[in-house]
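This is model.cif. It holds mmCIF, C-alpha atoms and all ligand atoms.
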data_run
loop_
_atom_site.label_atom_id
_atom_site.label_comp_id
_atom_site.auth_asym_id
_atom_site.auth_seq_id
_atom_site.Cartn_x
_atom_site.Cartn_y
_atom_site.Cartn_z
CA MET A 18 -21.13 -6.55 -13.10
CA THR A 19 -19.69 -5.54 -9.72
CA THR A 20 -15.96 -4.95 -9.40
CA GLU A 21 -14.45 -7.45 -7.00
CA ILE A 22 -10.83 -6.29 -7.01
CA SER A 23 -9.26 -2.86 -7.45
CA ILE A 24 -5.54 -2.79 -8.14
CA VAL A 25 -3.99 0.56 -7.26
CA LEU A 26 -0.71 1.60 -8.86
CA PRO A 27 0.97 4.64 -7.30
CA LEU A 28 3.19 5.98 -10.02
CA TYR A 29 5.72 8.76 -10.41
CA ASN A 30 7.94 8.87 -13.51
CA GLU A 31 7.69 5.20 -14.42
CA GLU A 32 7.43 5.55 -18.23
CA GLU A 33 9.49 2.43 -18.93
CA ASN A 34 7.65 0.25 -16.41
CA ILE A 35 3.98 0.98 -17.09
CA ARG A 36 3.41 -1.20 -20.17
CA PRO A 37 5.24 -4.32 -18.90
CA LEU A 38 3.51 -3.96 -15.53
CA ILE A 39 0.02 -3.63 -17.01
CA SER A 40 0.55 -6.63 -19.29
CA SER A 41 1.79 -8.71 -16.31
CA LEU A 42 -1.28 -7.64 -14.33
CA PHE A 43 -3.58 -8.63 -17.20
CA LYS A 44 -2.01 -12.09 -17.29
CA VAL A 45 -2.27 -12.59 -13.53
CA MET A 46 -5.86 -11.33 -13.33
CA GLU A 47 -6.94 -13.57 -16.18
CA ARG A 48 -5.92 -16.48 -13.99
CA VAL A 49 -7.66 -15.05 -10.94
CA ASP A 50 -10.87 -14.83 -12.98
CA LYS A 51 -12.63 -12.13 -10.96
CA GLU A 52 -14.05 -8.76 -12.03
CA TYR A 53 -11.31 -6.18 -11.53
CA GLU A 54 -10.16 -2.68 -12.31
CA ILE A 55 -6.65 -1.22 -12.44
CA ILE A 56 -6.37 2.33 -11.07
CA ALA A 57 -3.10 4.03 -12.00
CA VAL A 58 -2.48 7.13 -9.91
CA ASN A 59 -0.11 9.40 -11.80
CA ASP A 60 1.55 11.41 -9.03
CA GLY A 61 2.57 14.41 -11.16
CA SER A 62 4.98 12.56 -13.45
CA ASN A 63 7.00 14.79 -15.74
CA ASP A 64 8.15 12.04 -18.12
CA ASN A 65 5.95 10.22 -20.66
CA SER A 66 3.98 8.30 -18.03
CA GLY A 67 0.87 10.46 -18.53
CA LYS A 68 0.88 9.96 -22.29
CA ILE A 69 1.33 6.19 -21.99
CA LEU A 70 -1.48 5.97 -19.44
CA LEU A 71 -3.87 7.88 -21.72
CA GLU A 72 -3.13 5.41 -24.52
CA LEU A 73 -3.77 2.46 -22.21
CA VAL A 74 -7.02 3.93 -20.91
CA SER A 75 -8.36 4.40 -24.42
CA THR A 76 -7.47 0.80 -25.30
CA TYR A 77 -8.40 -1.19 -22.20
CA LYS A 78 -11.71 -0.85 -20.37
CA ASP A 79 -10.31 -2.23 -17.11
CA VAL A 80 -7.74 0.55 -16.73
CA ARG A 81 -8.61 3.86 -15.04
CA ILE A 82 -6.32 6.79 -14.30
CA ILE A 83 -6.14 9.57 -11.76
CA THR A 84 -3.71 12.34 -12.63
CA PHE A 85 -2.33 14.77 -10.04
CA ASP A 86 -1.40 18.31 -11.06
CA LYS A 87 1.97 17.90 -9.31
CA ASN A 88 3.92 15.44 -7.23
CA TYR A 89 2.31 14.89 -3.79
CA GLY A 90 4.11 11.74 -2.61
CA LEU A 91 3.36 8.06 -2.28
CA THR A 92 0.80 8.30 0.55
CA ALA A 93 -1.30 10.74 -1.49
CA SER A 94 -1.26 8.42 -4.53
CA ILE A 95 -2.32 5.47 -2.40
CA ASP A 96 -5.05 7.52 -0.71
CA ALA A 97 -6.47 8.69 -4.04
CA GLY A 98 -6.50 5.06 -5.24
CA PHE A 99 -8.30 3.94 -2.08
CA LYS A 100 -10.96 6.60 -2.53
CA ALA A 101 -11.54 5.76 -6.18
CA ALA A 102 -11.64 1.98 -5.68
CA ASN A 103 -14.90 0.15 -6.41
CA GLY A 104 -13.71 -3.34 -5.53
CA THR A 105 -14.53 -5.14 -2.29
CA VAL A 106 -10.80 -5.86 -2.08
CA VAL A 107 -8.10 -3.29 -2.88
CA VAL A 108 -4.56 -4.34 -3.79
CA THR A 109 -1.71 -1.83 -3.89
CA ILE A 110 1.46 -2.61 -5.83
CA ASP A 111 4.53 -0.58 -6.80
CA ALA A 112 4.53 0.54 -10.43
CA ASP A 113 8.25 -0.19 -10.98
CA LEU A 114 7.98 -4.01 -11.13
CA GLN A 115 10.00 -4.44 -7.92
CA ASN A 116 6.92 -6.19 -6.49
CA GLU A 117 5.90 -9.37 -8.29
CA PRO A 118 2.38 -9.16 -9.84
CA ASP A 119 2.24 -12.95 -9.70
CA ASP A 120 2.11 -12.72 -5.88
CA ILE A 121 -1.31 -11.02 -6.03
CA PRO A 122 -3.26 -14.35 -5.98
CA LEU A 123 -1.46 -15.21 -2.72
CA LEU A 124 -2.71 -11.99 -1.13
CA LEU A 125 -6.21 -12.53 -2.49
CA GLU A 126 -6.33 -15.96 -0.89
CA LYS A 127 -5.25 -14.56 2.51
CA ILE A 128 -7.59 -11.57 2.47
CA LYS A 129 -10.51 -14.00 2.71
CA GLU A 130 -9.56 -14.46 6.39
CA PHE A 131 -8.12 -11.03 7.28
CA ASP A 132 -8.90 -7.32 6.86
CA MET A 133 -5.42 -6.54 5.62
CA VAL A 134 -2.58 -8.59 4.15
CA CYS A 135 0.84 -7.03 4.23
CA GLY A 136 3.58 -8.19 1.83
CA TRP A 137 6.95 -8.99 3.40
CA ARG A 138 9.85 -8.61 0.97
CA PHE A 139 11.68 -11.53 2.53
CA LYS A 140 14.65 -11.29 0.18
CA ARG A 141 15.09 -7.64 -0.71
CA HIS A 142 16.84 -6.72 -3.94
CA ASP A 143 17.81 -3.16 -3.14
CA PRO A 144 21.24 -1.57 -2.66
CA LEU A 145 22.98 -2.57 0.61
CA LEU A 146 22.50 0.83 2.26
CA LYS A 147 18.78 0.76 1.56
CA ARG A 148 18.42 -2.80 2.86
CA LEU A 149 20.30 -1.95 6.06
CA SER A 150 18.43 1.31 6.70
CA SER A 151 15.14 -0.44 6.12
CA LYS A 152 16.08 -3.19 8.61
CA VAL A 153 16.98 -0.58 11.24
CA ALA A 154 13.82 1.43 10.49
CA ASN A 155 11.59 -1.65 10.85
CA TYR A 156 13.34 -2.61 14.09
CA VAL A 157 12.97 0.87 15.63
CA ARG A 158 9.35 1.14 14.42
CA ASN A 159 8.43 -2.24 15.90
CA LYS A 160 10.16 -1.43 19.22
CA LEU A 161 8.67 2.04 19.71
CA SER A 162 5.19 1.30 18.42
CA VAL A 163 5.10 -2.18 20.03
CA GLU A 164 4.49 -3.97 16.75
CA ASP A 165 5.66 -7.12 15.01
CA ILE A 166 5.37 -6.23 11.32
CA ASN A 167 8.48 -7.21 9.35
CA ASP A 168 8.10 -4.91 6.37
CA SER A 169 5.46 -2.26 6.94
CA ALA A 170 6.51 -0.13 3.94
CA CYS A 171 6.07 -2.85 1.32
CA THR A 172 3.51 -1.44 -1.12
CA LEU A 173 2.25 -4.90 -2.09
CA LYS A 174 -0.73 -5.19 0.24
CA ALA A 175 -4.38 -6.20 0.12
CA PHE A 176 -7.18 -4.50 2.05
CA ARG A 177 -10.86 -5.02 2.59
CA ARG A 178 -12.26 -1.86 1.07
CA ALA A 179 -14.93 -1.33 3.73
CA CYS A 180 -12.19 -0.93 6.38
CA LEU A 181 -10.50 1.87 4.46
CA ASP A 182 -13.39 4.26 5.25
CA LYS A 183 -12.16 4.26 8.85
CA ILE A 184 -8.53 5.03 8.01
CA LYS A 185 -7.36 8.65 7.80
CA LEU A 186 -4.00 8.99 6.09
CA TYR A 187 -1.47 11.78 6.51
CA ASN A 188 1.66 12.27 4.44
CA GLY A 189 4.08 9.41 5.16
CA PHE A 190 1.44 7.22 6.82
CA HIS A 191 1.58 4.56 4.10
CA ARG A 192 4.41 3.11 6.22
CA PHE A 193 2.08 2.64 9.19
CA LEU A 194 -0.99 1.15 7.53
CA PRO A 195 -0.78 -2.15 9.49
CA THR A 196 -0.75 -0.25 12.80
CA LEU A 197 -3.57 2.07 11.71
CA PHE A 198 -5.64 -0.99 10.82
CA LYS A 199 -4.96 -2.70 14.14
CA MET A 200 -5.88 0.51 15.99
CA GLU A 201 -9.35 0.22 14.45
CA GLY A 202 -9.62 -3.38 15.62
CA PHE A 203 -9.06 -4.85 12.15
CA SER A 204 -7.09 -8.06 11.60
CA VAL A 205 -3.72 -7.91 9.87
CA THR A 206 -1.45 -10.66 8.60
CA GLU A 207 1.78 -10.90 6.60
CA VAL A 208 2.80 -13.02 3.63
CA LYS A 209 6.28 -13.41 2.22
CA VAL A 210 6.44 -11.93 -1.27
CA ARG A 211 9.07 -11.79 -3.97
CA HIS A 212 11.11 -8.69 -4.71
CA HIS A 213 13.11 -7.72 -7.78
CA PRO A 214 15.86 -5.20 -8.42
CA ARG A 215 14.65 -1.99 -10.07
CA ARG A 216 15.54 -2.55 -13.74
CA ARG A 217 14.18 0.69 -15.25
CA GLY A 218 13.78 4.21 -13.89
CA ILE A 219 15.11 5.47 -10.59
CA SER A 220 14.09 5.09 -6.95
CA LYS A 221 12.42 8.11 -5.38
CA PHE A 222 13.36 7.30 -1.79
CA ASN A 223 16.73 7.39 -0.07
CA ILE A 224 18.01 7.66 3.48
CA ARG A 225 18.24 11.44 3.33
CA ASN A 226 14.67 12.04 2.25
CA ARG A 227 13.01 9.56 4.56
CA ILE A 228 14.96 8.93 7.79
CA PHE A 229 14.22 12.13 9.72
CA VAL A 230 10.65 12.69 8.59
CA SER A 231 9.73 9.00 9.03
CA PHE A 232 11.04 9.11 12.58
CA ILE A 233 8.81 12.10 13.41
CA ASP A 234 5.89 10.25 11.78
CA LEU A 235 6.69 7.24 13.97
CA LEU A 236 6.54 9.40 17.12
CA VAL A 237 3.11 10.62 16.00
CA ILE A 238 1.94 7.03 15.54
CA VAL A 239 3.33 6.05 18.95
CA TRP A 240 1.41 8.96 20.49
CA MET A 241 -1.79 8.07 18.62
CA LYS A 242 -1.55 4.48 19.76
CA LYS A 243 -0.96 5.53 23.39
CA ARG A 244 -3.89 7.96 23.32
CA LEU A 245 -6.31 5.66 21.51
CA LEU A 246 -9.77 5.81 23.09
CA GLU A 247 -10.51 2.41 24.52
CA TYR A 248 -13.51 2.28 26.81
CA ASN A 249 -16.00 -0.33 27.76
CA ALA A 250 -19.52 0.71 28.78
CA ILE A 251 -21.19 -1.69 31.21
CA GLN A 252 -24.55 -0.02 30.68
CA ASN A 253 -26.01 2.62 28.38
CA GLN A 254 -29.27 4.41 27.80
CA GLU A 255 -30.38 2.04 25.03
CA ASP A 256 -30.14 -0.99 27.35
CA LEU A 257 -32.18 0.82 30.01
CA LYS A 258 -34.96 1.60 27.49
CA LYS A 259 -35.19 -2.05 26.45
CA SER A 260 -35.48 -3.44 29.99
N1 LIG B 301 5.88 6.93 -6.05
C1 LIG B 301 4.81 7.82 -6.09
N2 LIG B 301 5.05 9.12 -5.68
C2 LIG B 301 6.25 9.54 -5.21
C3 LIG B 301 7.29 8.60 -5.10
C4 LIG B 301 7.07 7.31 -5.54
O1 LIG B 301 3.72 7.47 -6.53
O2 LIG B 301 6.38 10.71 -4.86
C5 LIG B 301 5.68 5.55 -6.51
C6 LIG B 301 6.75 5.03 -7.49
O3 LIG B 301 6.48 5.38 -8.81
C7 LIG B 301 6.69 3.53 -7.23
C8 LIG B 301 6.37 3.46 -5.74
O4 LIG B 301 5.81 4.72 -5.37
O5 LIG B 301 5.64 2.94 -7.96
C9 LIG B 301 7.61 3.18 -4.89
O6 LIG B 301 8.61 4.13 -5.21
P1 LIG B 301 10.14 3.73 -5.46
O7 LIG B 301 10.22 2.53 -6.32
O8 LIG B 301 10.88 4.94 -5.95
O9 LIG B 301 10.60 3.38 -3.98
P2 LIG B 301 11.64 2.25 -3.52
O10 LIG B 301 11.15 0.94 -4.07
O11 LIG B 301 12.96 2.64 -4.10
O12 LIG B 301 11.60 2.32 -2.02
MG MG B 302 10.85 0.58 -6.08
#

Would it be possible to restate this file's structure as structure tokens?
Amino acid sequence: MTTEISIVLPLYNEEENIRPLISSLFKVMERVDKEYEIIAVNDGSNDNSGKILLELVSTYKDVRIITFDKNYGLTASIDAGFKAANGTVVVTIDADLQNEPDDIPLLLEKIKEFDMVCGWRFKRHDPLLKRLSSKVANYVRNKLSVEDINDSACTLKAFRRACLDKIKLYNGFHRFLPTLFKMEGFSVTEVKVRHHPRRRGISKFNIRNRIFVSFIDLLVIVWMKKRLLEYNAIQNQEDLKKS
């Protein structure tokens, strides 16, 4: 049977979250009642994540794993998941249970009308400094790149797989996926999603390790958007041959 949905889990040192997340996903997908696969991308974890994933893979046929030899970062995990996905729709979700698996059906409903659905963590449950820096980052990103996406870095997203062939990701570009989609002429929408505090394990991102590099990435995106080739031919050789 053909896989309809691929759920991609980018994962780095999430040993305590994997099992509860997978069992939540099983429950949600049972309700959705579509053929699916779960692709866990182990981004060079050095805790027990790898061992736990191997156990899960040998028990459940719907779970697949990709294991990196070292830590390459979130964009690389997402990219590897995209490339491995067999589903016509790809859903990405954080592996730490901060995103709510039960919101996936909402995204699947919306993706029927759009090429990409971007989760918006309307009520963030992160430390104050992170919430504030994220607000500022989204404001600056929207201003400079002339966008209106509330929460571009939310991992909970759904994509039409066919569109992903046109998207080339560079390190850090997971934050700009909505813009990259729009640049290709694809349709993008947002849905409000739930967000939970991180209960187990630690966050891998903080102001220090993302503010400077994300700003440089933003300038690259601004440049790419400005220099996008947009031309309109009023006649071409093929038309001449036909007439
Ligand atoms: N992650 C990853 N590679 C990394 C850093 C993070 O695959 O180098 C995963 C991580 O395991 C989680 C998701 O990306 O599933 C988001 O990371 P995190 O929860 O640390 O970010 P935060 O929610 O604090 O912004
Ligand atoms: Mg998190």

(message) Excluding Val49 of chain A and its own-chain neighbours fewer than 6 positions away, which residues fall within 12 Å of it when counting all atoms listed in the file? Please give them as an NGL selection string.
(response) :A and (21-22 or 42-43 or 118-126)

(message) I want to know what sits within 8 Å of Ala102 of chain A, based on only C-alpha atoms, with residues of the same chain fewer than 4 positions away left out; could you give that as number ranges by chain?
(response) A: 23, 25, 56, 98, 107, 178

(message) Just checking: using all atoms listed in the file, which residue out of A:His212, A:Lys44, A:Lys68, A:Lys185 ends up closest to ligand MG 302 (chain B)?
(response) A:His212

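Within a radius of 12 Å around (10.8, 11.7, 5.2), the polymer residues are Gly90, Leu91, Thr92, Ala154, Asn188, Gly189, Phe190, His191, Arg192, Lys221, Phe222, Asn223, Ile224, Arg225, Asn226, Arg227, Ile228, Phe229, Val230, Ser231, Phe232, Ile233, Asp234 and Leu235 of chain A, counting only C-alpha atoms.
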
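In this structure, atom CA of Val237 of chain A sits 12.0 Å away from atom CA of Thr196 of chain A.
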
(message) If the limit is 6 Å from any atom of ligand LIG 301 (chain B), counting all atoms listed in the file, which residues qualify? Return them as an MDAnalysis selection string.
(response) chainID A and resid 27:29 31 60 88:91 94 111:113 220:222

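Note that atom CA of Asp96 of chain A and atom CA of Cys180 of chain A are 13.1 Å apart.
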
(message) To one decimal place in Å, what is the distance between atom CA of Asn65 of chain A and atom CA of Lys147 of chain A?
(response)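 That distance, rounded to one decimal, is 27.3 Å.
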
(message) Please list as a ChimeraX atom specification every residue within 9 Å of Arg216 of chain A, counting all atoms listed in the file and excluding residues in the same chain fewer than 4 positions away.
(response) /A:34,113-115

(message) With distances taken over only C-alpha atoms, which residue among A:Val106, A:Glu117, A:Ile39, A:Arg217 lies nearest Lys51 of chain A?
(response)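 Answer, going by the shortest atom-to-atom distance: A:Val106.
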
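Each of A:Arg177, A:Arg211, A:Lys243, A:Arg158 was checked against Asp132 of chain A using only C-alpha atoms; the smallest atom-to-atom distance is that of A:Arg177.
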
(request) Pick out the residues sitting within 10 Å of segment 160-169 of chain A, and hand them over as a list in words; count only C-alpha atoms, and ignore anything fewer than 6 positions along from it in its own chain. (result) Cys135, Gly136, Trp137, Arg138, Phe139, Ser151, Lys152, Ala154, His191, Arg192, Phe193, Leu194, Pro195, Thr196, Lys199, Val205, Thr206, Glu207, Val208, Lys209, Leu235, Leu236, Val237, Ile238, Val239, Trp240, Met241, Lys242 and Lys243 of chain A

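The residue that comes closest to ligand MG 302 (chain B), out of A:Asn59, A:Thr105, A:Gln254, A:Asn30 and on the basis of all atoms listed in the file, is A:Asn30.
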
Emit as lines of an AutoDock Vina configuration file the padded axis-aligned box for all listed atoms of segment 153-165 of chain A, 4 Å per side, with centre and edge lengths in Å to one decimal.
center_x = 10.7
center_y = -2.5
center_z = 15.3
size_x = 20.5
size_y = 17.2
size_z = 17.5

(message) Env of Val108 of chain A: 6 Å cut, atoms = all atoms listed in the file, seq-sep filter 2 positions within chain, self excluded. Answer as a PyMOL selection string.
(response) chain A and resi 24+174-175

(request) Counting only C-alpha atoms and all ligand atoms, figure out which residue out of A:Leu26, A:Arg36, A:Thr84, A:Met46 gets nearest to ligand MG 302 (chain B). (result) A:Leu26

All heavy atoms of segment 111-122 of chain A, written as an mmCIF file, in the first residue's frame:
data_model
loop_
_atom_site.group_PDB
_atom_site.id
_atom_site.type_symbol
_atom_site.label_atom_id
_atom_site.label_comp_id
_atom_site.auth_asym_id
_atom_site.auth_seq_id
_atom_site.Cartn_x
_atom_site.Cartn_y
_atom_site.Cartn_z
ATOM 1 N N ASP A 111 8.783 18.361 16.472
ATOM 2 C CA ASP A 111 9.881 18.234 17.426
ATOM 3 C C ASP A 111 9.787 16.906 18.168
ATOM 4 O O ASP A 111 8.684 16.427 18.439
ATOM 5 C CB ASP A 111 9.845 19.374 18.452
ATOM 6 C CG ASP A 111 10.522 20.636 17.935
ATOM 7 O OD1 ASP A 111 11.280 20.549 16.964
ATOM 8 O OD2 ASP A 111 10.281 21.706 18.530
ATOM 9 N N ALA A 112 10.928 16.364 18.554
ATOM 10 C CA ALA A 112 10.926 15.059 19.226
ATOM 11 C C ALA A 112 10.866 15.190 20.748
ATOM 12 O O ALA A 112 10.965 14.202 21.467
ATOM 13 C CB ALA A 112 12.172 14.279 18.815
ATOM 14 N N ASP A 113 10.705 16.422 21.262
ATOM 15 C CA ASP A 113 10.763 16.617 22.715
ATOM 16 C C ASP A 113 9.385 16.809 23.355
ATOM 17 O O ASP A 113 9.291 17.192 24.517
ATOM 18 C CB ASP A 113 11.658 17.821 23.048
ATOM 19 C CG ASP A 113 11.145 19.104 22.431
ATOM 20 O OD1 ASP A 113 10.171 19.041 21.651
ATOM 21 O OD2 ASP A 113 11.714 20.166 22.713
ATOM 22 N N LEU A 114 8.316 16.579 22.559
ATOM 23 C CA LEU A 114 6.939 16.710 23.032
ATOM 24 C C LEU A 114 6.543 18.152 23.377
ATOM 25 O O LEU A 114 5.559 18.364 24.076
ATOM 26 C CB LEU A 114 6.654 15.766 24.205
ATOM 27 C CG LEU A 114 6.408 14.304 23.793
ATOM 28 C CD1 LEU A 114 6.523 13.368 24.990
ATOM 29 C CD2 LEU A 114 5.030 14.144 23.149
ATOM 30 N N GLN A 115 7.316 19.125 22.885
ATOM 31 C CA GLN A 115 6.872 20.525 23.061
ATOM 32 C C GLN A 115 5.753 20.828 22.066
ATOM 33 O O GLN A 115 4.853 21.602 22.362
ATOM 34 C CB GLN A 115 8.044 21.492 22.886
ATOM 35 C CG GLN A 115 8.976 21.499 24.088
ATOM 36 C CD GLN A 115 9.740 22.803 24.227
ATOM 37 O OE1 GLN A 115 10.902 22.871 23.830
ATOM 38 N NE2 GLN A 115 9.116 23.830 24.772
ATOM 39 N N ASN A 116 5.835 20.211 20.862
ATOM 40 C CA ASN A 116 4.696 20.279 19.928
ATOM 41 C C ASN A 116 3.692 19.209 20.344
ATOM 42 O O ASN A 116 4.071 18.191 20.902
ATOM 43 C CB ASN A 116 5.146 19.994 18.480
ATOM 44 C CG ASN A 116 6.071 21.040 17.910
ATOM 45 O OD1 ASN A 116 7.050 20.705 17.239
ATOM 46 N ND2 ASN A 116 5.799 22.301 18.149
ATOM 47 N N GLU A 117 2.429 19.451 20.030
ATOM 48 C CA GLU A 117 1.370 18.515 20.416
ATOM 49 C C GLU A 117 1.036 17.578 19.238
ATOM 50 O O GLU A 117 0.508 18.038 18.220
ATOM 51 C CB GLU A 117 0.136 19.349 20.833
ATOM 52 C CG GLU A 117 -1.114 18.571 21.074
ATOM 53 C CD GLU A 117 -0.943 17.474 22.119
ATOM 54 O OE1 GLU A 117 -0.599 17.796 23.259
ATOM 55 O OE2 GLU A 117 -1.160 16.294 21.762
ATOM 56 N N PRO A 118 1.326 16.271 19.378
ATOM 57 C CA PRO A 118 1.021 15.342 18.273
ATOM 58 C C PRO A 118 -0.448 15.386 17.855
ATOM 59 O O PRO A 118 -0.779 15.205 16.691
ATOM 60 C CB PRO A 118 1.383 13.969 18.850
ATOM 61 C CG PRO A 118 2.385 14.260 19.910
ATOM 62 C CD PRO A 118 2.004 15.589 20.485
ATOM 63 N N ASP A 119 -1.309 15.693 18.805
ATOM 64 C CA ASP A 119 -2.741 15.742 18.535
ATOM 65 C C ASP A 119 -3.135 16.893 17.594
ATOM 66 O O ASP A 119 -4.275 16.968 17.143
ATOM 67 C CB ASP A 119 -3.470 15.883 19.875
ATOM 68 C CG ASP A 119 -4.792 15.150 19.855
ATOM 69 O OD1 ASP A 119 -4.917 14.182 19.081
ATOM 70 O OD2 ASP A 119 -5.694 15.564 20.589
ATOM 71 N N ASP A 120 -2.200 17.800 17.313
ATOM 72 C CA ASP A 120 -2.474 18.883 16.354
ATOM 73 C C ASP A 120 -2.234 18.440 14.914
ATOM 74 O O ASP A 120 -2.591 19.167 13.974
ATOM 75 C CB ASP A 120 -1.588 20.107 16.653
ATOM 76 C CG ASP A 120 -2.112 20.917 17.834
ATOM 77 O OD1 ASP A 120 -3.341 20.884 18.075
ATOM 78 O OD2 ASP A 120 -1.301 21.568 18.515
ATOM 79 N N ILE A 121 -1.631 17.259 14.735
ATOM 80 C CA ILE A 121 -1.310 16.802 13.366
ATOM 81 C C ILE A 121 -2.571 16.722 12.474
ATOM 82 O O ILE A 121 -2.530 17.200 11.333
ATOM 83 C CB ILE A 121 -0.521 15.467 13.389
ATOM 84 C CG1 ILE A 121 0.876 15.720 13.951
ATOM 85 C CG2 ILE A 121 -0.429 14.838 11.998
ATOM 86 C CD1 ILE A 121 1.759 14.480 14.100
ATOM 87 N N PRO A 122 -3.708 16.183 12.975
ATOM 88 C CA PRO A 122 -4.898 16.133 12.114
ATOM 89 C C PRO A 122 -5.322 17.509 11.586
ATOM 90 O O PRO A 122 -5.783 17.633 10.455
ATOM 91 C CB PRO A 122 -5.981 15.542 13.035
ATOM 92 C CG PRO A 122 -5.221 14.739 14.034
ATOM 93 C CD PRO A 122 -3.944 15.483 14.259
#
